[in-house]
>>> print(open('final23.txt').read())   # compact mmCIF, C-alpha atoms
# COMPACT_ATOMS: atom_id res chain seq x y z
CA MET O 5 0.00 0.00 0.00
CA ARG O 6 1.46 3.38 -0.98
CA LYS O 7 2.11 5.42 2.12
CA ASP O 8 1.10 8.70 0.52
CA ILE O 9 -2.48 7.58 -0.02
CA VAL O 10 -3.21 6.10 3.40
CA TYR O 11 -5.57 7.90 5.76
CA GLY O 12 -6.85 7.12 9.27
CA GLN O 13 -5.20 4.93 11.87
CA GLY O 14 -4.61 1.24 12.46
CA ARG O 15 -5.97 -0.82 15.35
CA ARG O 16 -5.17 0.50 18.84
CA ALA O 17 -5.10 -1.35 22.15
CA LEU O 18 -8.58 -1.45 23.67
CA SER O 19 -9.28 1.39 26.10
CA THR O 20 -12.16 1.80 28.57
CA ASP O 21 -14.14 3.63 25.90
CA ASP O 22 -13.49 0.78 23.47
CA LEU O 23 -14.83 -1.71 26.01
CA ILE O 24 -18.00 0.35 26.26
CA LEU O 25 -18.26 0.22 22.47
CA LEU O 26 -18.30 -3.57 22.65
CA MET O 27 -21.67 -3.34 24.40
CA ARG O 28 -23.15 -0.43 22.43
CA ASN O 29 -26.60 -0.95 20.93
CA VAL O 30 -27.70 0.10 17.47
CA ARG O 31 -28.38 3.80 16.97
CA SER O 32 -31.33 4.86 14.87
CA SER O 33 -30.34 6.51 11.60
CA LYS O 34 -32.72 7.76 8.93
CA LEU O 35 -30.15 7.14 6.21
CA LEU O 36 -28.65 3.83 7.37
CA ASP O 37 -32.00 2.30 8.33
CA HIS O 38 -33.41 3.18 4.93
CA MET O 39 -30.48 2.01 2.83
CA TYR O 40 -30.04 -1.24 4.75
CA PRO O 41 -33.52 -2.05 6.15
CA GLU O 42 -32.26 -5.27 7.77
CA ARG O 43 -30.39 -3.01 10.21
CA THR O 44 -33.57 -2.59 12.24
CA GLU O 45 -34.44 -6.30 12.29
CA THR O 46 -33.74 -8.24 15.46
CA GLY O 47 -30.47 -10.13 15.22
CA LYS O 48 -29.29 -8.48 12.00
CA TRP O 49 -27.33 -5.60 13.60
CA LEU O 50 -24.72 -7.15 15.88
CA LYS O 51 -23.06 -5.66 18.93
CA LEU O 52 -19.33 -5.34 18.47
CA LYS O 53 -18.64 -8.11 21.00
CA GLU O 54 -20.77 -10.47 18.89
CA ARG O 55 -18.74 -9.91 15.73
CA GLN O 56 -15.85 -12.17 14.86
CA PHE O 57 -12.64 -10.14 15.14
CA GLN O 58 -9.98 -10.26 12.49
CA HIS O 59 -6.39 -9.18 12.18
CA ASP O 60 -5.92 -5.69 10.75
CA GLU O 61 -4.74 -7.09 7.45
CA ASP O 62 -8.00 -9.03 7.21
CA ALA O 63 -10.20 -5.96 7.69
CA TYR O 64 -13.25 -6.02 5.43
CA PRO O 65 -12.36 -3.88 2.36
CA ILE O 66 -14.92 -1.63 0.69
CA ASN O 67 -13.45 -0.41 -2.59
CA LEU O 68 -15.17 2.68 -3.97
CA GLU O 69 -14.38 3.75 -7.52
CA ASN O 70 -16.29 6.25 -9.66
CA PHE O 71 -17.77 7.35 -6.34
CA SER O 72 -19.95 9.96 -7.98
CA PHE O 73 -23.65 10.39 -8.66
CA LEU O 74 -22.66 12.45 -11.70
CA ASP O 75 -20.74 9.57 -13.26
CA ALA O 76 -21.98 6.29 -11.76
CA PRO O 77 -25.14 6.79 -9.65
CA LYS O 78 -26.15 3.13 -9.35
CA LYS O 79 -22.65 2.02 -8.40
CA THR O 80 -22.25 4.89 -5.93
CA LEU O 81 -25.53 4.17 -4.22
CA GLU O 82 -24.58 0.50 -3.99
CA GLY O 83 -21.32 1.57 -2.35
CA LEU O 84 -23.25 3.48 0.30
CA VAL O 85 -25.44 0.41 0.88
CA ASN O 86 -22.30 -1.71 1.34
CA ILE O 87 -21.05 0.75 3.94
CA ALA O 88 -24.37 0.55 5.81
CA ARG O 89 -24.29 -3.27 5.65
CA ALA O 90 -20.71 -3.42 6.93
CA GLU O 91 -21.55 -1.09 9.84
CA ALA O 92 -24.19 -3.58 10.93
CA THR O 93 -22.22 -6.80 10.64
CA VAL O 94 -18.40 -6.66 10.51
CA PRO O 95 -15.91 -5.85 13.31
CA VAL O 96 -13.50 -3.70 11.29
CA ALA O 97 -13.51 -2.34 7.76
CA LYS O 98 -11.42 -0.14 5.53
CA LEU O 99 -12.85 2.37 3.07
CA ASN O 100 -10.68 2.55 -0.02
CA PHE O 101 -11.50 5.52 -2.25
CA LEU O 102 -9.78 4.65 -5.50
CA ASP O 103 -10.48 7.75 -7.61
CA VAL O 104 -7.56 10.13 -8.05
CA PHE O 105 -9.78 13.23 -7.83
CA CYS O 106 -13.04 13.88 -6.03
CA GLN O 107 -15.64 13.73 -8.80
CA ASP O 108 -18.65 14.52 -6.60
CA VAL O 109 -18.87 15.89 -3.05
CA THR O 110 -22.42 14.67 -2.47
CA PRO O 111 -21.73 11.01 -1.53
CA PHE O 112 -19.26 12.23 1.09
CA MET O 113 -21.88 14.62 2.45
CA LEU O 114 -24.22 11.65 2.86
CA LEU O 115 -21.52 9.85 4.86
CA VAL O 116 -21.35 12.88 7.15
CA GLU O 117 -25.13 12.69 7.65
CA CYS O 118 -24.95 9.21 9.17
CA TRP O 119 -21.40 8.98 10.53
CA ASN O 120 -22.29 9.75 14.16
CA GLU O 121 -24.90 6.97 14.17
CA MET O 122 -22.40 4.38 12.91
CA LEU O 123 -20.48 2.02 15.11
CA PRO O 124 -16.87 3.20 14.57
CA ILE O 125 -15.62 0.12 12.74
CA PHE O 126 -13.95 2.02 9.88
CA GLU O 127 -10.22 2.29 10.48
CA GLY O 128 -8.77 4.17 7.56
CA GLY O 129 -8.04 2.95 4.08
CA LYS O 130 -6.72 4.34 0.80
CA MET O 131 -7.35 7.81 -0.56
CA ASN O 132 -5.29 9.77 -3.06
CA ILE O 133 -3.85 13.12 -2.00
CA PRO O 134 -5.95 15.29 -4.38
CA MET O 135 -9.13 13.83 -2.89
CA GLN O 136 -7.80 14.21 0.66
CA LYS O 137 -7.14 17.89 -0.03
CA VAL O 138 -10.70 18.53 -1.21
CA LEU O 139 -12.35 16.70 1.68
CA ALA O 140 -10.10 18.37 4.23
CA ALA O 141 -10.75 21.81 2.70
CA ILE O 142 -14.55 21.53 2.78
CA GLY O 143 -14.60 20.13 6.34
CA VAL O 144 -15.45 16.47 5.73
CA GLU O 145 -12.26 15.36 7.49
CA TYR O 146 -13.32 17.35 10.58
CA ALA O 147 -16.96 16.26 10.44
CA LEU O 148 -16.00 12.57 10.22
CA GLY O 149 -13.30 12.87 12.88
CA ILE O 150 -10.70 11.08 10.76
CA ARG O 151 -7.09 12.00 10.02
CA PHE O 152 -5.69 12.49 6.55
CA GLY O 153 -1.96 12.19 5.93
CA GLY O 154 0.33 13.56 3.26
CA ILE O 155 -1.40 16.90 2.55
CA GLU O 156 1.24 19.59 2.10
CA ASP O 157 -0.76 22.52 0.71
CA PHE O 158 -4.14 23.65 -0.60
CA ASP O 159 -2.74 25.70 -3.49
CA ASP O 160 -5.15 24.31 -6.08
CA VAL O 161 -8.34 23.95 -4.00
CA TRP O 162 -10.70 26.69 -2.77
CA ALA O 163 -13.55 25.55 -0.55
CA PHE O 164 -17.14 26.40 0.19
CA PRO O 165 -17.08 24.51 3.51
CA LEU O 166 -19.83 22.18 4.61
CA ASN O 167 -22.90 24.03 5.93
CA ARG O 168 -25.74 22.13 7.58
CA ARG O 169 -29.09 22.95 9.09
CA ARG O 170 -30.36 20.51 11.66
CA ALA O 171 -34.01 20.00 12.55
CA ARG O 172 -35.17 20.47 16.13
CA GLY O 173 -33.54 17.94 18.40
CA GLU O 174 -30.80 17.16 15.87
CA THR O 175 -28.43 20.09 16.46
CA ARG O 176 -24.71 19.43 16.76
CA SER O 177 -23.47 22.54 18.55
CA LYS O 178 -19.91 21.17 18.78
CA GLN O 179 -19.59 22.18 15.12
CA PRO O 180 -20.71 25.83 15.15
CA TYR O 181 -19.30 26.68 11.72
CA ILE O 182 -20.68 23.63 9.99
CA ASP O 183 -24.11 23.75 11.69
CA VAL O 184 -25.56 27.09 10.57
CA GLN O 185 -28.83 28.43 11.92
CA THR O 186 -30.43 29.86 8.78
CA ARG O 187 -30.38 29.43 5.03
CA GLU O 188 -29.49 33.15 4.80
CA GLU O 189 -26.12 32.39 6.43
CA ALA O 190 -25.47 29.59 3.96
CA THR O 191 -26.40 31.70 0.92
CA ASP O 192 -24.19 34.56 2.13
CA ARG O 193 -21.27 32.16 2.53
CA PHE O 194 -21.87 30.67 -0.90
CA CYS O 195 -21.84 34.09 -2.60
CA ASP O 196 -18.61 34.93 -0.76
CA ALA O 197 -17.09 31.66 -2.02
CA MET O 198 -18.29 32.23 -5.59
CA ASN O 199 -16.78 35.72 -5.62
CA GLU O 200 -13.49 34.28 -4.34
CA TRP O 201 -13.53 31.67 -7.11
CA LEU O 202 -14.38 34.10 -9.88
CA GLY O 203 -11.76 36.51 -8.53
CA ARG O 204 -8.86 34.12 -8.96
CA PRO O 205 -6.03 35.93 -10.84
CA GLU O 206 -6.44 33.54 -13.78
CA LEU O 207 -10.09 34.57 -14.12
CA GLY O 208 -10.44 38.09 -12.73
CA PHE O 209 -14.22 38.39 -12.47
CA GLU O 210 -16.72 39.08 -9.68
CA LEU O 211 -20.45 38.77 -9.19
CA SER O 212 -22.47 41.88 -9.85
CA ALA O 213 -24.94 43.10 -7.21
CA ARG O 214 -27.72 41.76 -9.42
CA GLY O 215 -25.97 38.39 -9.64
CA ILE O 216 -25.57 38.14 -5.87
CA GLY O 217 -29.25 38.92 -5.34
CA TRP O 218 -30.28 36.38 -7.95
CA ILE O 219 -28.13 33.60 -6.46
CA LYS O 220 -29.34 34.30 -2.92
CA GLN O 221 -32.96 34.14 -4.05
CA LEU O 222 -32.73 30.89 -5.99
CA LEU O 223 -30.49 29.10 -3.48
CA GLY O 224 -32.69 30.34 -0.65
CA GLU O 225 -35.72 28.82 -2.38
CA LEU O 226 -33.97 25.46 -2.80
CA LEU O 227 -32.99 25.35 0.89
CA GLU O 228 -36.45 26.54 1.96
CA ASN O 229 -37.95 23.67 -0.02
CA ALA O 230 -35.57 21.28 1.74
CA GLU O 231 -36.77 22.56 5.13
CA ARG O 232 -40.39 22.15 4.08
CA HIS O 233 -39.81 18.65 2.71
CA ALA O 234 -39.31 17.18 6.16
CA ASP O 235 -41.15 13.94 6.87
CA GLY O 236 -44.86 14.65 6.95
CA ASP O 237 -45.94 18.25 7.62
CA ARG O 238 -43.33 19.36 10.19
CA ARG O 239 -41.66 21.78 7.78
CA ASP O 240 -38.50 21.49 9.84
CA GLY O 241 -36.23 19.50 7.57
CA SER O 242 -32.46 19.24 7.66
CA TRP O 243 -30.21 20.13 4.75
CA SER O 244 -26.53 20.38 3.95
CA ILE O 245 -24.65 22.19 1.19
CA SER O 246 -20.98 22.30 0.26
CA GLY O 247 -18.61 22.56 -2.67
CA PHE O 248 -15.26 23.61 -3.99
CA LEU O 249 -13.28 25.03 -6.88
CA ALA O 250 -10.26 23.01 -8.01
CA ARG O 251 -7.59 23.82 -10.57
CA ARG O 252 -6.72 20.77 -12.61
CA GLU O 253 -4.30 20.30 -15.47
CA VAL O 254 -5.89 18.76 -18.57
CA ASP O 255 -3.80 18.36 -21.73
CA GLY O 256 -1.39 21.04 -20.53
CA GLU O 257 -4.19 23.53 -19.79
CA SER O 258 -5.45 24.73 -16.41
CA VAL O 259 -9.14 23.92 -15.96
CA PHE O 260 -11.19 25.37 -13.10
CA VAL O 261 -13.79 22.84 -11.97
CA ILE O 262 -16.63 23.68 -9.56
CA GLN O 263 -18.51 20.98 -7.70
CA LEU O 264 -21.50 21.57 -5.45
CA GLY O 265 -23.71 19.23 -3.44
CA ILE O 266 -27.07 19.73 -1.74
CA VAL O 267 -28.56 17.03 0.50
CA SER O 268 -32.00 16.95 2.11
CA LEU O 269 -33.17 13.96 4.16
CA GLY O 270 -36.95 13.84 4.40
CA ASP O 271 -39.69 13.56 1.82
CA THR O 272 -38.59 12.86 -1.73
CA PHE O 273 -39.81 15.03 -4.60
CA ALA O 274 -42.46 12.45 -5.42
CA GLU O 275 -43.65 12.24 -1.79
CA SER O 276 -43.81 16.01 -1.43
CA LEU O 277 -46.31 16.20 -4.30
CA ARG O 278 -48.96 14.90 -1.91
CA ARG O 279 -49.12 18.52 -0.68
CA ALA O 280 -49.39 20.08 -4.15
CA ARG O 281 -52.48 22.04 -5.17
CA PRO O 282 -55.40 19.85 -6.37
CA GLU O 283 -55.10 21.13 -9.95
CA GLN O 284 -51.38 20.32 -10.01
CA GLN O 285 -52.09 16.84 -8.70
CA GLU O 286 -54.63 16.36 -11.49
CA GLN O 287 -52.09 17.47 -14.10
CA ILE O 288 -49.52 15.03 -12.77
CA LYS O 289 -52.14 12.27 -12.65
CA GLN O 290 -52.88 12.94 -16.31
CA TYR O 291 -49.15 12.90 -17.12
CA LEU O 292 -48.81 9.48 -15.49
CA ALA O 293 -51.81 8.21 -17.43
CA ASP O 294 -50.33 9.47 -20.70
CA MET O 295 -46.97 7.84 -19.92
CA LYS O 296 -48.72 4.54 -19.18
CA ILE O 297 -50.34 4.64 -22.60
CA MET O 298 -46.95 5.47 -24.14
CA ARG O 299 -45.42 2.53 -22.23
CA ALA O 300 -42.76 4.68 -20.59
CA PRO O 301 -40.26 2.38 -18.83
CA GLN O 302 -39.96 4.58 -15.74
CA SER O 303 -41.90 4.01 -12.51
CA ALA O 304 -44.64 6.37 -11.34
CA GLU O 305 -42.25 7.67 -8.66
CA THR O 306 -39.63 8.60 -11.24
CA LEU O 307 -42.15 10.24 -13.54
CA LYS O 308 -43.55 12.24 -10.61
CA THR O 309 -40.05 13.38 -9.73
CA LEU O 310 -39.46 14.64 -13.27
CA ALA O 311 -42.80 16.46 -13.15
CA ALA O 312 -41.84 18.08 -9.85
CA LEU O 313 -38.78 19.71 -11.46
CA GLN O 314 -40.81 21.81 -13.89
CA ASP O 315 -41.54 25.48 -13.31
CA GLY O 316 -44.64 26.24 -11.28
CA VAL O 317 -44.88 22.93 -9.42
CA THR O 318 -44.78 23.71 -5.71
CA CYS O 319 -46.00 22.22 -2.46
CA VAL O 320 -45.77 25.49 -0.51
CA PRO O 321 -49.10 27.38 -0.68
CA GLU O 322 -47.74 30.67 0.69
CA ALA O 323 -44.84 30.66 -1.76
CA ASP O 324 -47.27 29.92 -4.59
CA ALA O 325 -49.48 32.80 -3.48
CA ASP O 326 -46.48 35.16 -3.51
CA GLY O 327 -45.54 34.05 -7.01
CA ARG O 328 -42.11 32.83 -5.88
CA GLY O 329 -42.63 29.08 -5.65
CA GLY O 330 -41.77 26.25 -7.99
CA THR O 331 -38.97 27.89 -9.98
CA GLY O 332 -35.90 27.01 -7.89
CA LEU O 333 -34.69 23.98 -9.84
CA MET O 334 -35.10 25.45 -13.31
CA GLU O 335 -33.47 28.66 -12.09
CA MET O 336 -30.58 26.62 -10.66
CA LEU O 337 -30.03 24.98 -14.06
CA TYR O 338 -30.07 28.42 -15.66
CA LEU O 339 -27.48 29.67 -13.17
CA VAL O 340 -25.20 26.68 -13.75
CA ASN O 341 -25.46 27.14 -17.51
CA THR O 342 -24.86 30.90 -17.21
CA LEU O 343 -21.68 30.51 -15.17
CA GLY O 344 -20.52 27.16 -16.53
CA HIS O 345 -21.25 27.33 -20.25
CA THR O 346 -18.30 26.39 -22.42
CA ASN O 347 -17.56 25.42 -25.99
CA LYS O 348 -15.37 22.58 -24.70
CA ILE O 349 -17.72 19.60 -24.95
CA GLN O 350 -15.93 17.50 -22.32
CA PHE O 351 -16.52 20.22 -19.71
CA LEU O 352 -20.22 20.93 -20.29
CA PRO O 353 -22.21 21.36 -17.04
CA GLN O 354 -23.98 18.43 -15.43
CA VAL O 355 -26.54 18.11 -12.63
CA THR O 356 -27.69 14.78 -11.21
CA ILE O 357 -30.72 14.51 -8.94
CA ILE O 358 -31.18 11.42 -6.79
CA SER O 359 -34.54 11.45 -5.02
CA GLY O 360 -35.84 8.24 -3.48
CA SER O 361 -35.21 5.56 -6.09
CA THR O 362 -35.13 8.05 -8.98
CA CYS O 363 -32.11 9.28 -10.91
CA ILE O 364 -32.35 12.26 -13.27
CA HIS O 365 -29.25 13.27 -15.24
CA MET O 366 -29.54 16.86 -16.42
CA LYS O 367 -26.84 17.16 -19.09
CA ALA O 368 -26.60 17.76 -22.84
CA PRO O 369 -28.77 17.50 -24.79
CA TYR O 370 -31.31 17.86 -21.95
CA PHE O 371 -30.17 20.50 -19.52
CA GLU O 372 -31.63 23.96 -19.26
CA GLY O 373 -35.40 24.44 -19.10
CA GLN O 374 -37.11 25.98 -22.14
CA VAL O 375 -40.28 28.03 -22.63
CA MET O 376 -42.29 25.97 -25.10
CA SER O 377 -45.40 28.11 -25.74
CA GLU O 378 -45.75 31.71 -26.87
CA GLY O 379 -46.68 34.15 -24.13
CA SER O 380 -45.67 31.75 -21.35
CA LYS O 381 -42.87 32.18 -18.82
CA THR O 382 -42.99 28.56 -17.66
CA ARG O 383 -39.79 26.62 -18.35
CA VAL O 384 -39.86 22.87 -18.79
CA GLN O 385 -37.33 20.13 -19.43
CA TRP O 386 -39.01 16.77 -20.05
CA CYS O 387 -35.76 15.10 -21.16
CA ASN O 388 -36.88 14.03 -24.62
CA GLU O 389 -36.22 15.30 -28.14
CA ASN O 390 -39.47 17.27 -28.33
CA ASN O 391 -39.27 18.56 -24.73
CA SER O 392 -42.86 17.43 -24.44
CA ALA O 393 -44.92 16.03 -21.57
CA ARG O 394 -46.64 13.84 -24.16
CA CYS O 395 -43.48 11.83 -24.88
CA PRO O 396 -41.60 9.49 -22.52
CA PRO O 397 -38.35 10.80 -21.09
CA ASP O 398 -35.04 9.45 -22.37
CA SER O 399 -34.33 6.37 -20.26
CA GLU O 400 -30.59 7.12 -20.26
CA HIS O 401 -31.27 10.40 -18.46
CA VAL O 402 -34.33 9.52 -16.36
CA TYR O 403 -34.52 6.09 -14.75
CA ASP O 404 -35.22 3.98 -11.67
CA LEU O 405 -32.49 2.92 -9.26
CA ASP O 406 -32.05 -0.43 -7.55
CA ASN O 407 -31.56 1.30 -4.18
CA SER O 408 -32.94 4.54 -2.79
CA LEU O 409 -32.34 7.51 -0.52
CA PRO O 410 -34.73 8.78 2.17
CA GLY O 411 -34.78 12.22 0.61
CA THR O 412 -32.89 14.02 -2.16
CA ALA O 413 -29.28 14.59 -3.17
CA ILE O 414 -28.30 17.06 -5.89
CA SER O 415 -24.82 16.91 -7.46
CA ILE O 416 -23.55 19.77 -9.64
CA ARG O 417 -20.38 20.04 -11.71
CA PHE O 418 -19.29 22.75 -14.15
CA THR O 419 -16.18 24.66 -15.17
CA LEU O 420 -15.33 28.35 -15.25
CA ASP O 421 -14.20 29.11 -18.80
CA PRO O 422 -12.35 32.47 -18.91
CA ASP O 423 -12.96 32.92 -22.64
CA TYR O 424 -16.70 32.39 -22.27
CA LEU O 425 -17.01 34.61 -19.18
CA LEU O 426 -15.10 37.41 -20.91
CA GLY O 427 -17.47 37.19 -23.86
CA VAL O 428 -20.48 37.38 -21.53
CA THR O 429 -19.24 40.53 -19.82
CA ARG O 430 -18.42 42.17 -23.13
CA ARG O 431 -21.98 41.51 -24.28
CA GLY O 432 -23.29 43.14 -21.11
CA GLU O 433 -24.79 39.98 -19.62
CA ASN O 434 -23.29 41.03 -16.33
CA TYR O 435 -24.15 38.49 -13.67
CA ALA O 436 -20.38 38.07 -13.48
CA ASP O 437 -18.51 41.30 -14.21
>>> encode(input="final23.txt", output="structure tokens")
Amino acid sequence: MRKDIVYGQGRRALSTDDLILLMRNVRSSKLLDHMYPERTETGKWLKLKERQFQHDEDAYPINLENFSFLDAPKKTLEGLVNIARAEATVPVAKLNFLDVFCQDVTPFMLLVECWNEMLPIFEGGKMNIPMQKVLAAIGVEYALGIRFGGIEDFDDVWAFPLNRRRARGETRSKQPYIDVQTREEATDRFCDAMNEWLGRPELGFELSARGIGWIKQLLGELLENAERHADGDRRDGSWSISGFLARREVDGESVFVIQLGIVSLGDTFAESLRRARPEQQEQIKQYLADMKIMRAPQSAETLKTLAALQDGVTCVPEADADGRGGTGLMEMLYLVNTLGHTNKIQFLPQVTIISGSTCIHMKAPYFEGQVMSEGSKTRVQWCNENNSARCPPDSEHVYDLDNSLPGTAISIRFTLDPDYLLGVTRRGENYAD
């Protein structure tokens, strides 16, 4: 094993605290219990003293490659299920992250969401230095309480550190920077980070006042939705958001890659539609009926999720009354395309939405929402050639998963192209000046 890619620690001698761990009972976890339902069955989750101990070199290996919802959603979700299964059954395990670079922060954010409920059986593993740098910079190393080794600098990584809102009774006050109180704090921090990224000497831009206001409004709506999509009608949901800018060398050229993740554990998009207005529910019911006739291969849950992404679909009556509801996701896609557009095909923006057992890949040729009727302001993206609700979505972009999340995870990746941004500012489209 290469020393420069090892993180964590090996087995220590048992202390008093370790002896207490031998007797510890299972801790309830929304994420772990959902992803590995057997965890809650009698006799399936074992106390540490009931597990057969191994030598360190025999620790159960979990090898995670293409650990990214943007690139391999099914495989990544299966990796998270394997982690949940190992937590319930094996005495010691190693998590080996085999990608050179972090391709998606969101799976790591999900690990943070359930780490405190896990029995601490994970004792290090393999992780390349570029990935260690990203996870240390955004605060995942701190949140997981693990130790990375070999990091010498952060010269090519600029972080938007992990920000989380906890529902009542779930606060973690030992992490005052990570656990923010309001979505306004998180949106302020994100705009500060975006201005820092755009202001890099190689880029030399900054957000205009109009751009800052726009970003705060749309991100605030996304986080407000996450709070309101708590289980049932509590409207007190938890969310987390994080990201980073990284400079990477590709074919001798510096490329500035932005990754963002948003996680909300609670109702999925499909489940939240139970609170939609009656006329919206009727429209979605008709959409499902049409897709059944068209023999669409997707489940009703997945089709509902796609419907929920369109402009004007909201489950918040007061927001609907104010005319500010149901546009957050389409506006987010517009923002990503505005900042991340490029003529370099390999760096086109991507957004992946995992909600329940649904995966939706928003990427070329189906990315930004479009207004499809004259006189309308409603943007839609039905992920088919005609961008029509009367045609089934492309099954390579919209499909069912074998496993599921108890909520929603959004993964975003795009690049900052100096040539494109300069052209935008010269044309006066000054969200970034």
>>> closest_residue(input="final23.txt", among="O:Ala293, O:Leu343, O:Met334, O:Ala274", to="O:Ala312", atoms="all atoms listed in the file")
O:Ala274
>>> residues_near_point(input="final23.txt", point="(-27.3, 8.2, -1.4)", cutoff="9 Å", atoms="all atoms listed in the file", output="VMD selection string")
chain O and resid 35 39 73 77 80 to 85 110 to 111 114 to 115 358 to 360 407 to 413
>>> write_last_selection(input="final23.txt", atoms="C-alpha atoms", output="PDB file, keeping the file's coordinate frame")
ATOM      1  CA  LEU O  35     -30.150   7.140   6.210  1.00  0.00           C
ATOM      2  CA  MET O  39     -30.480   2.010   2.830  1.00  0.00           C
ATOM      3  CA  PHE O  73     -23.650  10.390  -8.660  1.00  0.00           C
ATOM      4  CA  PRO O  77     -25.140   6.790  -9.650  1.00  0.00           C
ATOM      5  CA  THR O  80     -22.250   4.890  -5.930  1.00  0.00           C
ATOM      6  CA  LEU O  81     -25.530   4.170  -4.220  1.00  0.00           C
ATOM      7  CA  GLU O  82     -24.580   0.500  -3.990  1.00  0.00           C
ATOM      8  CA  GLY O  83     -21.320   1.570  -2.350  1.00  0.00           C
ATOM      9  CA  LEU O  84     -23.250   3.480   0.300  1.00  0.00           C
ATOM     10  CA  VAL O  85     -25.440   0.410   0.880  1.00  0.00           C
ATOM     11  CA  THR O 110     -22.420  14.670  -2.470  1.00  0.00           C
ATOM     12  CA  PRO O 111     -21.730  11.010  -1.530  1.00  0.00           C
ATOM     13  CA  LEU O 114     -24.220  11.650   2.860  1.00  0.00           C
ATOM     14  CA  LEU O 115     -21.520   9.850   4.860  1.00  0.00           C
ATOM     15  CA  ILE O 358     -31.180  11.420  -6.790  1.00  0.00           C
ATOM     16  CA  SER O 359     -34.540  11.450  -5.020  1.00  0.00           C
ATOM     17  CA  GLY O 360     -35.840   8.240  -3.480  1.00  0.00           C
ATOM     18  CA  ASN O 407     -31.560   1.300  -4.180  1.00  0.00           C
ATOM     19  CA  SER O 408     -32.940   4.540  -2.790  1.00  0.00           C
ATOM     20  CA  LEU O 409     -32.340   7.510  -0.520  1.00  0.00           C
ATOM     21  CA  PRO O 410     -34.730   8.780   2.170  1.00  0.00           C
ATOM     22  CA  GLY O 411     -34.780  12.220   0.610  1.00  0.00           C
ATOM     23  CA  THR O 412     -32.890  14.020  -2.160  1.00  0.00           C
ATOM     24  CA  ALA O 413     -29.280  14.590  -3.170  1.00  0.00           C
TER      25      ALA O 413
END
>>> atom_distance(input="final23.txt", atom1="atom CA of O:Cys363", atom2="atom CA of O:Met113")
17.7 Å
>>> atom_distance(input="final23.txt", atom1="atom CA of O:Cys195", atom2="atom CA of O:Asn341")
16.8 Å
>>> residues_near_point(input="final23.txt", point="(-36.9, 11.4, -9.4)", cutoff="9 Å", atoms="all atoms listed in the file", output="PyMOL selection string")
chain O and resi 272-274+305-313+357-364+402-404+412
>>> residues_around(input="final23.txt", residues="O:Arg43", least_positions_apart="3", cutoff="10 Å", atoms="all atoms listed in the file", output="list in words")
Val30, Arg31, Ser32, Ser33, Leu36, Asp37, His38, Met39, Tyr40, Thr46, Gly47, Lys48, Trp49, Leu50, Ala88, Arg89, Glu91, Ala92 and Thr93 of chain O
>>> write_last_selection(input="final23.txt", atoms="C-alpha atoms", output="mmCIF file, in the coordinates of the input")
data_model
loop_
_atom_site.group_PDB
_atom_site.id
_atom_site.type_symbol
_atom_site.label_atom_id
_atom_site.label_comp_id
_atom_site.auth_asym_id
_atom_site.auth_seq_id
_atom_site.Cartn_x
_atom_site.Cartn_y
_atom_site.Cartn_z
ATOM 1 C CA VAL O 30 -27.700 0.100 17.470
ATOM 2 C CA ARG O 31 -28.380 3.800 16.970
ATOM 3 C CA SER O 32 -31.330 4.860 14.870
ATOM 4 C CA SER O 33 -30.340 6.510 11.600
ATOM 5 C CA LEU O 36 -28.650 3.830 7.370
ATOM 6 C CA ASP O 37 -32.000 2.300 8.330
ATOM 7 C CA HIS O 38 -33.410 3.180 4.930
ATOM 8 C CA MET O 39 -30.480 2.010 2.830
ATOM 9 C CA TYR O 40 -30.040 -1.240 4.750
ATOM 10 C CA THR O 46 -33.740 -8.240 15.460
ATOM 11 C CA GLY O 47 -30.470 -10.130 15.220
ATOM 12 C CA LYS O 48 -29.290 -8.480 12.000
ATOM 13 C CA TRP O 49 -27.330 -5.600 13.600
ATOM 14 C CA LEU O 50 -24.720 -7.150 15.880
ATOM 15 C CA ALA O 88 -24.370 0.550 5.810
ATOM 16 C CA ARG O 89 -24.290 -3.270 5.650
ATOM 17 C CA GLU O 91 -21.550 -1.090 9.840
ATOM 18 C CA ALA O 92 -24.190 -3.580 10.930
ATOM 19 C CA THR O 93 -22.220 -6.800 10.640
#
>>> residues_around(input="final23.txt", residues="O:Leu207", least_positions_apart="3", cutoff="9 Å", atoms="only C-alpha atoms", output="list in words")
Trp201, Leu202, Gly203, Arg204, Leu420, Asp421, Pro422, Leu425 and Leu426 of chain O
>>> closest_residue(input="final23.txt", among="O:Leu352, O:Val384, O:Ala213, O:Ala140", to="O:Glu156", atoms="all atoms listed in the file")
O:Ala140
>>> closest_residue(input="final23.txt", among="O:Asp192, O:Val94, O:Glu206, O:Cys395", to="O:Pro301", atoms="only C-alpha atoms")
O:Cys395
>>> closest_residue(input="final23.txt", among="O:Lys367, O:Lys220, O:Lys34, O:Arg279", to="O:Arg193", atoms="all atoms listed in the file")
O:Lys220
>>> residues_around(input="final23.txt", residues="O:Val317", least_positions_apart="6", cutoff="12 Å", atoms="only C-alpha atoms", output="ChimeraX atom specification")
/O:229,273-274,276-288,308-311,323-324,327-334,382-384
>>> atom_distance(input="final23.txt", atom1="atom CA of O:Ser268", atom2="atom CA of O:Gly241")
7.4 Å
>>> residues_around(input="final23.txt", residues="O:Leu339", least_positions_apart="3", cutoff="9 Å", atoms="all atoms listed in the file", output="list in words")
Trp218, Ile219, Leu222, Met334, Glu335, Met336, Thr342, Leu343 and Gly344 of chain O
>>> closest_residue(input="final23.txt", among="O:Val355, O:Ala63, O:Ile245, O:Leu292", to="O:Gly143", atoms="all atoms listed in the file")
O:Ile245
>>> closest_residue(input="final23.txt", among="O:Cys118, O:Leu74, O:Phe158, O:Pro369", to="O:Leu269", atoms="all atoms listed in the file")
O:Cys118
